[in-house]
Amino acid sequence: MVKTTSFQHYLDQLLERFASLQGGAVANYIPELSTVEPDGFGIALVTVDGHVYQAGDSRTAFTIQSISKAFVYGMALEDRGVETVAARMDVEPSGEAFNSISLEPGTGRPRNPMINAGAIVATSLVKGEAAEDRLERILDGLERYTGRRLGINEAVYRSERDTGHRNRAIAHLLRNYDILQGDPESPLDAYFRQCAIEVTARDLALMGAALANDGVNPITAVRALPSPLVPRVLSVMATCGMYDWSGNWIFEVGMPAKSGVGGGIVAVLPGQFGLAVYSPRLDPKGNSLRGIAVCRAMSRDFGMHMLRVSRTTTHSVIRATYTAAEVHSNLLRDERSTRHLRAEGHRALVIELTGELMFVSAEIVSSTVAAAMKDRDWLVLDLTRVTAIDQPGGSLLTALLEELQGHGKGVVVAGSDRHFAFRQAVRTRFHGQERPPRLDDTDMDRALEFVEDRILESAGLPVQDFHAERLEDQPLCRGLDPSELALLAELLTPRKFQAGERVCREGDSADRVYFLKKGRVSASLRLDSKHDHRLGAYAAGWVFGESAFFEGHRRTADIVADTAVELLALDPEALARHPDAAARGLRCRLLANLAELNFERLGRANSEIRVLTR
Ligand code: GLU
């Protein structure tokens with residue numbers, strides 16, 4: 001394992017370590033290739049976050065050669081579809097040299113798109129009639145990967161055109177089998193030009209990073225290849241990308257890769273990065289000698305083999321499980337509703353998830369939920385702490401939602417806004433159906449409040465339209481005698497707010513205590529211009545703004561009306577200054593009630609903490 005704090009330092013050392021590796025030879029079967037500087041050596045790595053690391057000659061231009069085959073194969077798939085392309089070439093490793101005449105007996109289909117025969121066919125399949133049109137399509141396609149227009153090394157192109165008799169023979173043989181149609185010289189010419197396109201190690205690493213990043217260039221955010229085609233291209237790179245050393249390569253290095261006789265290698269660790277090495281000294285199979293050494297060292301040092309199970313997902317992603325009887329939403333409700341929820345809240349199960357939902361972790365969720373939902377009507381699934389849902393995990397979860405719906409259970413999913421693909425999949429699956437899972441709640445608290453409302457409604461209790469008409473219904477007024485109630489009523493001023501209106505703002509001086517007569521308000525912290533965090537909410541029958549009982553306080557949160565709201569505002573100073581002797585008693589009683597209510601809330605918070613940490 002590596003012992004270095006900086007990856008850049010590691011790359012520099014790698015370059016130094018393998019620069020002394022002599023041996024191997026620059027390709028010379030294309031005469032012009034033999035003129036390159038044999039000791040050029042560069043490494044580049046681009047992460048899926050778009051971070052670029054470079055060492056040595058990472059900006060030296062060289063011809064892409066066979067590396068183009070992987071990318072042009074992707075373009076052929078995109079332009080003609082997987083089936084049409086499959087009819088013209090197989091995806092089976094040939095175990096033979098890149099320039100072998102390895103065609104399927106009978107059909108004449110090339111064994112795979114990474115040998116020359118398959119590559120010439122792939123070039124013939126990209127959109128375009130004339131050789132120039134195809135080349136233009138290829139340059140456009142590569143530009144999406146590199147973010148810059150690539151040029152052609154004319155001397156190398158001419159040199160191969162004039163001496164590439166074997167490729168010419170292959171093209172004509174393919175024409176004989178009708179695998180190539182029309183004049184075979186046209187795709188052949190486009191192929192020669194495509195091989196002479198100049199790239200740098202940095203370009204190649206970025207191209208690899210786009211494949212690692214599901215087809216999207218991580219620096220420009222341009223899509224280079226449709227997502228479903230990415231695994232197709234990576235598959236042939238993994239099985240056939242390194243000439244007739246492909247089996248050994250995947251065994252030792254473990255990353256889909258492609259090399260070219262120009263001295264380049266691009267390797268891809270899906271989901272992580274693209275890595276490229278340039279060093280034109282080739283081994284007898286045609287792979288860059290130092291390129292292999294660098295990739296092998298890095299794969300070993302960091303344990304980067306793609307088939308290495310770097311993390312298991314068998315640990316539980318279930319953070320907490322409780323019912324709506326054990327933990328309430330942050331909405332403080334009137335006493336009767338609270339009592340009812342304590343008695344009937346077991347009908348709703350809440351599951352808070354955390355981490356990554358992949359197949360196995362989603363399976364745990366699915367079996368836990370299925371077992372626990374028997375006597376319940378509602379499931380609240382909290383995804384707000386889920387960092388990722390992959391496709392198999394998402395499919396399993398969607399199937400679970402469908403099963404629950406089939407049994408007549410209601411489902412609310414909180415935090416699905418962070419998981420776009422999953423949300424879309426659920427929407428599509430439940431399109432046009434009655435009672436689809438509710439996906440709109442961005443925060444868990446509101447999702448729970450929604451389910452509590454349904455539980456109360458099903459018992460015929462008033463929910464949104466609940467009124468605390470009489471002062472004695474307010475918990476703060478417990479134990480007040482009629483004369484105290486009358487005195488209090490005298491001191492209260494009615495106020496009304498529309499839904500969405502702000503009642504008080506963080507930082508305002510706290511000068512009124514509010515009795516909530518009708519509607520709901522939320523206390524929230526403004527995090528930035530778009531986001532706030534709901535600290536708590538109050539339903540009719542509650543009092544808020546109690547800090548005004550004590551001098552010199554400022555509001556510590558915004559209070560916003562969630563619905564149309566009717567309030568009764570008390571000026572505590574007016575109460576304190578009131579000449580009537582009974583006012584003192586009233587004030588004491590209100591403060592004592594306030595202390596008691598706060599103790600009750602504390603007790604409730606403690607029992608909720610117990611549930612959440614069990
Ligand atoms: N243009 C070269 C050829 O067809 C590419 C060979 C390679 O890079 O493997 O011979």
# chains A, B, ... in the order shown; residues from 1 in each chain; ligands from 1
$ closest_atom_pairs --of "chain A" --to "ligand 1" --cutoff "10 Å" --atoms "only C-alpha atoms and all ligand atoms" --output "JSON lines"
{"residue": "A:Ala27", "atom": "CA", "partner": "ligand 1", "partner_atom_place_in_ligand_line": "8 (O)", "distance": 9.2}
{"residue": "A:Tyr29", "atom": "CA", "partner": "ligand 1", "partner_atom_place_in_ligand_line": "10 (O)", "distance": 8.1}
{"residue": "A:Ile30", "atom": "CA", "partner": "ligand 1", "partner_atom_place_in_ligand_line": "10 (O)", "distance": 7.6}
{"residue": "A:Thr63", "atom": "CA", "partner": "ligand 1", "partner_atom_place_in_ligand_line": "8 (O)", "distance": 8.7}
{"residue": "A:Ile64", "atom": "CA", "partner": "ligand 1", "partner_atom_place_in_ligand_line": "8 (O)", "distance": 7.3}
{"residue": "A:Gln65", "atom": "CA", "partner": "ligand 1", "partner_atom_place_in_ligand_line": "8 (O)", "distance": 4.0}
{"residue": "A:Ser66", "atom": "CA", "partner": "ligand 1", "partner_atom_place_in_ligand_line": "8 (O)", "distance": 3.5}
{"residue": "A:Ile67", "atom": "CA", "partner": "ligand 1", "partner_atom_place_in_ligand_line": "8 (O)", "distance": 6.6}
{"residue": "A:Ser68", "atom": "CA", "partner": "ligand 1", "partner_atom_place_in_ligand_line": "8 (O)", "distance": 8.4}
{"residue": "A:Lys69", "atom": "CA", "partner": "ligand 1", "partner_atom_place_in_ligand_line": "8 (O)", "distance": 8.7}
{"residue": "A:Ala97", "atom": "CA", "partner": "ligand 1", "partner_atom_place_in_ligand_line": "9 (O)", "distance": 8.8}
{"residue": "A:Phe98", "atom": "CA", "partner": "ligand 1", "partner_atom_place_in_ligand_line": "9 (O)", "distance": 5.9}
{"residue": "A:Asn99", "atom": "CA", "partner": "ligand 1", "partner_atom_place_in_ligand_line": "10 (O)", "distance": 6.4}
{"residue": "A:Met114", "atom": "CA", "partner": "ligand 1", "partner_atom_place_in_ligand_line": "9 (O)", "distance": 8.5}
{"residue": "A:Ile115", "atom": "CA", "partner": "ligand 1", "partner_atom_place_in_ligand_line": "9 (O)", "distance": 7.7}
{"residue": "A:Asn116", "atom": "CA", "partner": "ligand 1", "partner_atom_place_in_ligand_line": "4 (O)", "distance": 5.6}
{"residue": "A:Ala117", "atom": "CA", "partner": "ligand 1", "partner_atom_place_in_ligand_line": "4 (O)", "distance": 8.8}
{"residue": "A:Ala119", "atom": "CA", "partner": "ligand 1", "partner_atom_place_in_ligand_line": "4 (O)", "distance": 8.6}
{"residue": "A:Ile120", "atom": "CA", "partner": "ligand 1", "partner_atom_place_in_ligand_line": "4 (O)", "distance": 8.7}
{"residue": "A:Val156", "atom": "CA", "partner": "ligand 1", "partner_atom_place_in_ligand_line": "1 (N)", "distance": 9.1}
{"residue": "A:Tyr157", "atom": "CA", "partner": "ligand 1", "partner_atom_place_in_ligand_line": "1 (N)", "distance": 8.5}
{"residue": "A:Glu160", "atom": "CA", "partner": "ligand 1", "partner_atom_place_in_ligand_line": "1 (N)", "distance": 6.9}
{"residue": "A:Arg161", "atom": "CA", "partner": "ligand 1", "partner_atom_place_in_ligand_line": "1 (N)", "distance": 9.2}
{"residue": "A:Thr163", "atom": "CA", "partner": "ligand 1", "partner_atom_place_in_ligand_line": "10 (O)", "distance": 9.9}
{"residue": "A:Gly164", "atom": "CA", "partner": "ligand 1", "partner_atom_place_in_ligand_line": "10 (O)", "distance": 7.1}
{"residue": "A:His165", "atom": "CA", "partner": "ligand 1", "partner_atom_place_in_ligand_line": "10 (O)", "distance": 9.8}
{"residue": "A:Arg166", "atom": "CA", "partner": "ligand 1", "partner_atom_place_in_ligand_line": "10 (O)", "distance": 8.3}
{"residue": "A:Asn167", "atom": "CA", "partner": "ligand 1", "partner_atom_place_in_ligand_line": "4 (O)", "distance": 6.4}
{"residue": "A:Arg168", "atom": "CA", "partner": "ligand 1", "partner_atom_place_in_ligand_line": "4 (O)", "distance": 9.7}
{"residue": "A:Leu188", "atom": "CA", "partner": "ligand 1", "partner_atom_place_in_ligand_line": "4 (O)", "distance": 9.6}
{"residue": "A:Tyr191", "atom": "CA", "partner": "ligand 1", "partner_atom_place_in_ligand_line": "1 (N)", "distance": 7.6}
{"residue": "A:Phe192", "atom": "CA", "partner": "ligand 1", "partner_atom_place_in_ligand_line": "1 (N)", "distance": 5.9}
{"residue": "A:Arg193", "atom": "CA", "partner": "ligand 1", "partner_atom_place_in_ligand_line": "1 (N)", "distance": 8.5}
{"residue": "A:Gln194", "atom": "CA", "partner": "ligand 1", "partner_atom_place_in_ligand_line": "1 (N)", "distance": 8.1}
{"residue": "A:Cys195", "atom": "CA", "partner": "ligand 1", "partner_atom_place_in_ligand_line": "1 (N)", "distance": 4.9}
{"residue": "A:Ala196", "atom": "CA", "partner": "ligand 1", "partner_atom_place_in_ligand_line": "1 (N)", "distance": 7.2}
{"residue": "A:Gly241", "atom": "CA", "partner": "ligand 1", "partner_atom_place_in_ligand_line": "9 (O)", "distance": 9.8}
{"residue": "A:Met242", "atom": "CA", "partner": "ligand 1", "partner_atom_place_in_ligand_line": "9 (O)", "distance": 9.0}
{"residue": "A:Tyr243", "atom": "CA", "partner": "ligand 1", "partner_atom_place_in_ligand_line": "9 (O)", "distance": 7.6}
{"residue": "A:Lys258", "atom": "CA", "partner": "ligand 1", "partner_atom_place_in_ligand_line": "9 (O)", "distance": 9.3}
{"residue": "A:Ser259", "atom": "CA", "partner": "ligand 1", "partner_atom_place_in_ligand_line": "8 (O)", "distance": 6.8}
{"residue": "A:Gly260", "atom": "CA", "partner": "ligand 1", "partner_atom_place_in_ligand_line": "8 (O)", "distance": 3.5}
{"residue": "A:Val261", "atom": "CA", "partner": "ligand 1", "partner_atom_place_in_ligand_line": "8 (O)", "distance": 3.9}
{"residue": "A:Gly262", "atom": "CA", "partner": "ligand 1", "partner_atom_place_in_ligand_line": "8 (O)", "distance": 6.2}
{"residue": "A:Gly263", "atom": "CA", "partner": "ligand 1", "partner_atom_place_in_ligand_line": "8 (O)", "distance": 8.2}
{"residue": "A:Gly264", "atom": "CA", "partner": "ligand 1", "partner_atom_place_in_ligand_line": "8 (O)", "distance": 8.7}
{"residue": "A:Lys285", "atom": "CA", "partner": "ligand 1", "partner_atom_place_in_ligand_line": "9 (O)", "distance": 9.5}
{"residue": "A:Gly286", "atom": "CA", "partner": "ligand 1", "partner_atom_place_in_ligand_line": "9 (O)", "distance": 6.9}
{"residue": "A:Asn287", "atom": "CA", "partner": "ligand 1", "partner_atom_place_in_ligand_line": "9 (O)", "distance": 8.5}
$ residues_around --residues "A:Asp571" --least-positions-apart "5" --cutoff "12 Å" --atoms "only C-alpha atoms" --output "list in words"
Leu488, Ala489, Glu490, Leu491, Leu492, Thr493, Pro494, Ala510, Asp511, Arg512, Val513, Tyr514, Phe515, Gly545, Glu546, Ser547, Ala548, Phe549, Phe550, Glu551, Ala576, Arg577, His578 and Arg587 of chain A
$ write_last_selection --atoms "N, CA, C and O atoms" --output "compact mmCIF listing (two decimals), in the first residue's frame"
# COMPACT_ATOMS: atom_id res chain seq x y z
N LEU A 488 -57.27 38.34 31.39
CA LEU A 488 -56.37 38.02 30.28
C LEU A 488 -57.03 38.40 28.95
O LEU A 488 -56.41 39.06 28.09
N ALA A 489 -58.33 38.04 28.83
CA ALA A 489 -59.05 38.33 27.58
C ALA A 489 -59.00 39.83 27.27
O ALA A 489 -58.85 40.23 26.11
N GLU A 490 -59.10 40.62 28.30
CA GLU A 490 -59.07 42.08 28.14
C GLU A 490 -57.74 42.57 27.55
O GLU A 490 -57.68 43.53 26.81
N LEU A 491 -56.66 41.84 27.92
CA LEU A 491 -55.32 42.28 27.53
C LEU A 491 -54.90 41.78 26.14
O LEU A 491 -53.85 42.15 25.63
N LEU A 492 -55.73 40.88 25.56
CA LEU A 492 -55.30 40.27 24.29
C LEU A 492 -55.78 41.07 23.09
O LEU A 492 -56.90 41.56 23.07
N THR A 493 -54.93 41.19 22.08
CA THR A 493 -55.30 41.87 20.84
C THR A 493 -55.34 40.84 19.72
O THR A 493 -54.34 40.14 19.52
N PRO A 494 -56.47 40.74 18.99
CA PRO A 494 -56.50 39.75 17.89
C PRO A 494 -55.63 40.19 16.72
O PRO A 494 -55.55 41.38 16.41
N ALA A 510 -38.32 40.66 21.11
CA ALA A 510 -39.46 39.82 21.48
C ALA A 510 -40.34 40.61 22.43
O ALA A 510 -39.99 40.78 23.60
N ASP A 511 -41.48 41.11 21.91
CA ASP A 511 -42.31 41.95 22.77
C ASP A 511 -43.75 41.45 22.91
O ASP A 511 -44.56 42.06 23.58
N ARG A 512 -44.08 40.35 22.27
CA ARG A 512 -45.43 39.82 22.38
C ARG A 512 -45.39 38.30 22.56
O ARG A 512 -44.53 37.63 21.99
N VAL A 513 -46.34 37.81 23.37
CA VAL A 513 -46.56 36.37 23.46
C VAL A 513 -47.83 36.10 22.65
O VAL A 513 -48.77 36.87 22.73
N TYR A 514 -47.81 35.03 21.82
CA TYR A 514 -48.97 34.78 20.96
C TYR A 514 -49.70 33.50 21.35
O TYR A 514 -49.08 32.44 21.48
N PHE A 515 -51.01 33.62 21.51
CA PHE A 515 -51.86 32.44 21.65
C PHE A 515 -52.38 32.12 20.26
O PHE A 515 -52.92 33.00 19.58
N GLY A 545 -43.65 32.40 21.19
CA GLY A 545 -43.07 33.73 21.45
C GLY A 545 -42.96 34.01 22.93
O GLY A 545 -42.90 35.16 23.38
N GLU A 546 -42.89 32.92 23.77
CA GLU A 546 -42.94 33.13 25.21
C GLU A 546 -41.71 33.84 25.77
O GLU A 546 -41.75 34.34 26.89
N SER A 547 -40.65 33.93 24.98
CA SER A 547 -39.47 34.63 25.51
C SER A 547 -39.81 36.10 25.82
O SER A 547 -39.09 36.75 26.58
N ALA A 548 -40.91 36.59 25.26
CA ALA A 548 -41.32 37.98 25.53
C ALA A 548 -41.70 38.20 26.99
O ALA A 548 -41.76 39.33 27.47
N PHE A 549 -41.96 37.09 27.73
CA PHE A 549 -42.24 37.23 29.16
C PHE A 549 -41.00 37.76 29.90
O PHE A 549 -41.10 38.29 30.99
N PHE A 550 -39.85 37.55 29.29
CA PHE A 550 -38.61 37.94 29.98
C PHE A 550 -37.98 39.07 29.20
O PHE A 550 -37.93 39.03 27.97
N GLU A 551 -37.47 40.02 29.90
CA GLU A 551 -37.04 41.26 29.25
C GLU A 551 -35.80 41.11 28.36
O GLU A 551 -34.94 40.28 28.63
N ALA A 576 -47.60 43.19 33.27
CA ALA A 576 -46.77 43.48 34.45
C ALA A 576 -47.16 44.82 35.08
O ALA A 576 -47.12 44.98 36.30
N ARG A 577 -47.52 45.79 34.23
CA ARG A 577 -47.82 47.14 34.74
C ARG A 577 -49.28 47.30 35.15
O ARG A 577 -49.69 48.35 35.62
N HIS A 578 -50.09 46.27 34.92
CA HIS A 578 -51.53 46.40 35.14
C HIS A 578 -51.83 46.74 36.61
O HIS A 578 -51.27 46.11 37.51
N ARG A 587 -50.10 36.69 36.19
CA ARG A 587 -48.75 36.60 35.60
C ARG A 587 -48.01 35.39 36.18
O ARG A 587 -47.37 34.63 35.44
$ select_by_dssp --residues "stretch 151-326 of chain A" --states "strand (DSSP E or B)" --output "ChimeraX atom specification"
/A:152,197-199,216,223,257-259,264-269,273-278,282,288,318-323
$ select_by_dssp --residues "stretch 208-448 of chain A" --states "helix (DSSP H, G or I)" --output "VMD selection string"
chain A and resid 208 to 212 227 to 240 243 to 252 289 to 302 335 to 347 359 to 372 391 to 406 416 to 418 420 to 429 444 to 448
$ write_last_selection --atoms "C-alpha atoms" --output "short mmCIF file (atom, residue, chain, number, x, y, z; two decimals), in the first residue's frame"
data_model
loop_
_atom_site.label_atom_id
_atom_site.label_comp_id
_atom_site.auth_asym_id
_atom_site.auth_seq_id
_atom_site.Cartn_x
_atom_site.Cartn_y
_atom_site.Cartn_z
CA GLY A 208 -11.35 7.80 -19.80
CA ALA A 209 -12.84 9.95 -17.03
CA ALA A 210 -15.91 10.59 -19.19
CA LEU A 211 -16.40 6.83 -19.50
CA ALA A 212 -15.81 6.47 -15.75
CA SER A 227 -25.37 6.21 -20.52
CA PRO A 228 -26.66 2.75 -21.62
CA LEU A 229 -23.75 2.43 -24.08
CA VAL A 230 -21.03 3.11 -21.51
CA PRO A 231 -20.97 -0.45 -20.09
CA ARG A 232 -20.94 -1.81 -23.67
CA VAL A 233 -17.83 0.11 -24.59
CA LEU A 234 -16.14 -0.65 -21.27
CA SER A 235 -16.93 -4.36 -21.71
CA VAL A 236 -15.02 -4.69 -24.96
CA MET A 237 -12.19 -2.63 -23.48
CA ALA A 238 -12.10 -5.02 -20.51
CA THR A 239 -12.08 -8.16 -22.62
CA CYS A 240 -10.26 -7.10 -25.81
CA TYR A 243 -4.39 -6.82 -27.81
CA ASP A 244 -3.61 -10.48 -27.19
CA TRP A 245 -2.54 -9.63 -23.64
CA SER A 246 -6.06 -8.64 -22.60
CA GLY A 247 -6.62 -11.61 -20.27
CA ASN A 248 -3.35 -10.96 -18.47
CA TRP A 249 -4.07 -7.27 -18.25
CA ILE A 250 -7.47 -7.66 -16.61
CA PHE A 251 -5.99 -10.30 -14.32
CA GLU A 252 -3.17 -8.05 -13.18
CA LEU A 289 6.02 -1.11 -21.75
CA ARG A 290 6.15 1.70 -19.22
CA GLY A 291 2.42 2.21 -19.58
CA ILE A 292 1.76 -1.30 -18.34
CA ALA A 293 4.30 -0.88 -15.55
CA VAL A 294 2.64 2.35 -14.35
CA CYS A 295 -0.89 0.96 -14.44
CA ARG A 296 0.13 -2.26 -12.74
CA ALA A 297 1.95 -0.41 -9.96
CA MET A 298 -0.93 1.98 -9.34
CA SER A 299 -3.53 -0.78 -9.34
CA ARG A 300 -1.48 -2.76 -6.80
CA ASP A 301 -0.48 0.16 -4.61
CA PHE A 302 -4.05 1.33 -4.19
CA GLU A 335 -53.92 17.95 23.87
CA ARG A 336 -56.68 15.79 22.47
CA SER A 337 -54.88 15.24 19.16
CA THR A 338 -51.64 14.51 20.99
CA ARG A 339 -53.39 11.91 23.14
CA HIS A 340 -54.93 10.31 20.08
CA LEU A 341 -51.56 10.09 18.32
CA ARG A 342 -50.03 8.50 21.38
CA ALA A 343 -52.75 5.86 21.29
CA GLU A 344 -53.05 5.33 17.53
CA GLY A 345 -49.67 6.41 16.16
CA HIS A 346 -48.53 2.77 16.03
CA ARG A 347 -50.48 2.57 12.77
CA PHE A 359 -29.02 -4.23 -3.92
CA VAL A 360 -28.16 -5.86 -0.61
CA SER A 361 -28.86 -2.86 1.61
CA ALA A 362 -32.19 -2.27 -0.18
CA GLU A 363 -32.99 -5.95 0.35
CA ILE A 364 -32.52 -5.48 4.10
CA VAL A 365 -34.89 -2.51 4.04
CA SER A 366 -37.39 -4.38 1.96
CA SER A 367 -37.54 -7.46 4.19
CA THR A 368 -37.60 -5.38 7.39
CA VAL A 369 -40.45 -3.26 6.13
CA ALA A 370 -42.44 -6.17 4.75
CA ALA A 371 -42.28 -7.90 8.13
CA ALA A 372 -43.15 -4.80 10.14
CA GLN A 391 -30.32 1.13 -10.03
CA PRO A 392 -30.75 -2.32 -8.47
CA GLY A 393 -31.37 -0.74 -5.05
CA GLY A 394 -33.91 1.66 -6.56
CA SER A 395 -35.72 -1.14 -8.39
CA LEU A 396 -36.02 -3.20 -5.23
CA LEU A 397 -37.35 -0.23 -3.29
CA THR A 398 -39.86 0.60 -6.01
CA ALA A 399 -41.08 -3.00 -5.95
CA LEU A 400 -41.52 -2.71 -2.18
CA LEU A 401 -43.62 0.43 -2.59
CA GLU A 402 -45.74 -1.36 -5.14
CA GLU A 403 -46.31 -4.30 -2.82
CA LEU A 404 -47.34 -1.97 0.02
CA GLN A 405 -49.73 -0.16 -2.25
CA GLY A 406 -51.20 -3.50 -3.30
CA SER A 416 -36.69 11.86 -2.58
CA ASP A 417 -35.79 15.22 -4.15
CA ARG A 418 -32.13 14.23 -3.69
CA PHE A 420 -33.76 12.14 -9.09
CA ALA A 421 -33.54 8.81 -10.94
CA PHE A 422 -35.33 6.93 -8.17
CA ARG A 423 -38.04 9.55 -7.97
CA GLN A 424 -38.58 9.38 -11.72
CA ALA A 425 -38.72 5.59 -11.61
CA VAL A 426 -41.39 5.69 -8.88
CA ARG A 427 -43.39 8.33 -10.76
CA THR A 428 -43.31 6.23 -13.92
CA ARG A 429 -44.24 3.02 -12.12
CA MET A 444 -38.89 14.20 7.28
CA ASP A 445 -40.73 16.33 9.81
CA ARG A 446 -43.39 17.43 7.34
CA ALA A 447 -43.78 13.88 6.07
CA LEU A 448 -44.53 12.73 9.61
#
$ residues_around --residues "A:Phe41" --least-positions-apart "5" --cutoff "7 Å" --atoms "only C-alpha atoms" --output "list in words"
Gly56, Asp57, Tyr278 and Ser279 of chain A
$ write_last_selection --atoms "all heavy atoms" --output "PDB file, in the first residue's frame"
ATOM      1  N   GLY A  56       5.188  14.495 -15.972  1.00  0.00           N
ATOM      2  CA  GLY A  56       6.020  14.274 -17.164  1.00  0.00           C
ATOM      3  C   GLY A  56       5.396  14.859 -18.422  1.00  0.00           C
ATOM      4  O   GLY A  56       4.766  15.919 -18.380  1.00  0.00           O
ATOM      5  N   ASP A  57       5.545  14.122 -19.557  1.00  0.00           N
ATOM      6  CA  ASP A  57       5.115  14.642 -20.874  1.00  0.00           C
ATOM      7  C   ASP A  57       3.617  14.434 -21.093  1.00  0.00           C
ATOM      8  O   ASP A  57       3.204  13.857 -22.115  1.00  0.00           O
ATOM      9  CB  ASP A  57       5.899  13.938 -21.978  1.00  0.00           C
ATOM     10  CG  ASP A  57       7.409  14.105 -21.795  1.00  0.00           C
ATOM     11  OD1 ASP A  57       7.822  15.185 -21.321  1.00  0.00           O
ATOM     12  OD2 ASP A  57       8.154  13.153 -22.106  1.00  0.00           O
ATOM     13  N   TYR A 278       1.552   7.808 -21.528  1.00  0.00           N
ATOM     14  CA  TYR A 278       2.173   7.870 -22.855  1.00  0.00           C
ATOM     15  C   TYR A 278       3.636   7.488 -22.726  1.00  0.00           C
ATOM     16  O   TYR A 278       4.372   8.064 -21.906  1.00  0.00           O
ATOM     17  CB  TYR A 278       2.058   9.288 -23.430  1.00  0.00           C
ATOM     18  CG  TYR A 278       2.979   9.512 -24.601  1.00  0.00           C
ATOM     19  CD1 TYR A 278       2.824   8.752 -25.770  1.00  0.00           C
ATOM     20  CD2 TYR A 278       4.008  10.448 -24.559  1.00  0.00           C
ATOM     21  CE1 TYR A 278       3.682   8.924 -26.850  1.00  0.00           C
ATOM     22  CE2 TYR A 278       4.862  10.634 -25.636  1.00  0.00           C
ATOM     23  CZ  TYR A 278       4.694   9.869 -26.779  1.00  0.00           C
ATOM     24  OH  TYR A 278       5.531  10.034 -27.841  1.00  0.00           O
ATOM     25  N   SER A 279       4.036   6.481 -23.470  1.00  0.00           N
ATOM     26  CA  SER A 279       5.442   6.098 -23.563  1.00  0.00           C
ATOM     27  C   SER A 279       5.550   5.161 -24.759  1.00  0.00           C
ATOM     28  O   SER A 279       5.006   4.051 -24.731  1.00  0.00           O
ATOM     29  CB  SER A 279       5.892   5.384 -22.287  1.00  0.00           C
ATOM     30  OG  SER A 279       7.142   4.768 -22.531  1.00  0.00           O
TER      31      SER A 279
END
$ residues_around --residues "A:Val26" --least-positions-apart "3" --cutoff "6 Å" --atoms "only C-alpha atoms" --output "list of chain:residue names"
A:Ser34, A:Pro280, A:Arg281, A:Leu282
$ atom_distance --atom1 "atom CA of A:Ser458" --atom2 "atom CA of A:Gly432"
24.6 Å
$ residues_around --residues "A:Ala324" --least-positions-apart "2" --cutoff "7 Å" --atoms "only C-alpha atoms" --output "ChimeraX atom specification"
/A:322,326-328,345-346,348-349
$ residues_around --residues "A:Gly536" --least-positions-apart "2" --cutoff "12 Å" --atoms "only C-alpha atoms" --output "ChimeraX atom specification"
/A:328-333,445-446,449,520-525,532-534,538-539,544,557-560,562,601
$ residues_around --residues "A:Glu356" --least-positions-apart "4" --cutoff "6 Å" --atoms "only C-alpha atoms" --output "PyMOL selection string"
chain A and resi 386-389
